[in-house]
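Notes for the one structure printed next.
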Amino acid sequence: MVSCVQTEVEEFLDETIRIDNFPQQLQVGHTFQLQASVFNKVGQKSSSNIEWTSTNPDVLIVDENGVATGLMDGAADVIAMADGISDRIGIVVTIDEVVETFEERVGELKGRGGYNISGQIRIYEENGDLFLEITNPKISGPGPFYYLSNQTNSVSGGVQVDENKAVTTSDVVTYELPKTVNLNTYDYLIVWCMPFSVTLGYGEFE
């Protein structure tokens, strides 16, 4: 009988903040609701208050709720700060109509602890919805489930992707992700051994 044994200890990380929903371009006179996430030392989301600022308020302003408004042609950086840590992204403001671009992040699954796990992973946006695609999944090990996480050996603070056990026999498997997840919210897809709470494998989104 195959089993998996908990041998890993929880990994502690630096506290981080990440702007995970933003446009690369914004049309003059238009607004966009920015979103950011703060993660504590074990990768769990924190409820810290986020302060928003623009480095060029003549071009772009951001209110206290994270709503960005384009004012004139140019570029500006947006900074999100909480608990003494910050993240920064750039936005170009244009008078031209902004054409939405297709965005995605990709990676490769690999096993841990001797488990034979492989497959190509892709997280992408389409028509305002977010999807996870796994191509040629090969998964060994008991009770595997897919989780999105910010740690390679824990799903603490993450989100479960599949309601049932991980599909391992199809050429391509696609999951629609919850509305609370954005393209940059999580960095890893974890193949998780549910009975013993241990990582069988993982892939990093580039």
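Please note that chains go A, B, ... in the order of the structure tokens, that every chain numbers its residues from 1, and that ligands are numbered from 1 in the order shown.
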
Report task. Please identify which residues in range 58-99 of chain A DSSP calls strand (DSSP E) from the backbone, and express them as a list in words. Result -> Leu60, Ile61, Val62, Val67, Ala68, Thr69, Gly70, Gly74, Ala75, Ala76, Asp77, Val78, Ile79, Ala80, Met81, Ala82, Ile85, Ser86, Asp87, Arg88, Ile89, Gly90, Ile91, Val92, Val93 and Thr94 of chain A

Need the shell around Met81 in chain A: protein/DNA/RNA residues with any atom at most 7 Å away, counting only C-alpha atoms. Skip same-chain ones fewer than 2 positions apart. Format as a short mmCIF file (atom, residue, chain, number, x, y, z; two decimals) with N, CA and C atoms, in the first residue's frame?
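Printed below is selection_8.cif as written:
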data_model
loop_
_atom_site.label_atom_id
_atom_site.label_comp_id
_atom_site.auth_asym_id
_atom_site.auth_seq_id
_atom_site.Cartn_x
_atom_site.Cartn_y
_atom_site.Cartn_z
N ILE A 50 -3.72 48.94 3.22
CA ILE A 50 -2.79 49.23 2.13
C ILE A 50 -2.88 50.71 1.77
N GLU A 51 -1.74 51.38 1.70
CA GLU A 51 -1.67 52.78 1.29
C GLU A 51 -1.21 52.84 -0.17
N TRP A 52 -1.94 53.60 -0.99
CA TRP A 52 -1.65 53.70 -2.42
C TRP A 52 -1.10 55.09 -2.75
N ILE A 79 2.59 52.70 -6.20
CA ILE A 79 3.21 52.04 -5.06
C ILE A 79 2.13 51.65 -4.05
N ASP A 83 2.62 47.85 6.37
CA ASP A 83 3.52 47.29 7.39
C ASP A 83 4.99 47.48 7.04
N GLY A 84 5.30 48.60 6.40
CA GLY A 84 6.69 48.92 6.10
C GLY A 84 7.26 48.23 4.88
N ILE A 85 6.46 47.47 4.14
CA ILE A 85 6.91 46.83 2.91
C ILE A 85 6.09 47.37 1.75
N SER A 86 6.65 47.28 0.53
CA SER A 86 5.96 47.90 -0.61
C SER A 86 6.18 47.11 -1.89
N ASP A 87 5.31 47.37 -2.85
CA ASP A 87 5.45 46.83 -4.20
C ASP A 87 5.16 47.97 -5.17
#

**Report entry** For Phe205 in chain A, the nearest of the candidates A:Gly90, A:Gly107, A:Pro57, A:Gly66, counting only C-alpha atoms
**Finding:** A:Gly107

Show me, as CSV, the residues of range 69-180 of chain A having an atom within 7 Å of range 22-25 of chain A, each with the closest atom pair and its distance in Å, using only C-alpha atoms.
residue,atom,partner,partner_atom,distance
A:Gly90,CA,A:Gln24,CA,6.9
A:Ile91,CA,A:Gln24,CA,5.0
A:Val92,CA,A:Gln25,CA,4.7
A:Val93,CA,A:Gln25,CA,5.8
A:Val98,CA,A:Gln25,CA,6.7

Report task. Show which residues sit within 9 Å of Glu97 in chain A, as a count of residues only. Count only C-alpha atoms, and ignore same-chain residues fewer than 6 positions away. Result -> 3

Query raised in the report: In Å to one decimal, how far is CA of Asp187 in chain A from CA of Arg112 in chain A?
Result: 17.2 Å

Query raised in the report: Using only C-alpha atoms, which of A:Pro195, A:Gly203, A:Gly29, A:Gly74 sits nearest Ile134 in chain A?
Result: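 Among the listed residues, the smallest separation from Ile134 in chain A belongs to A:Gly203.
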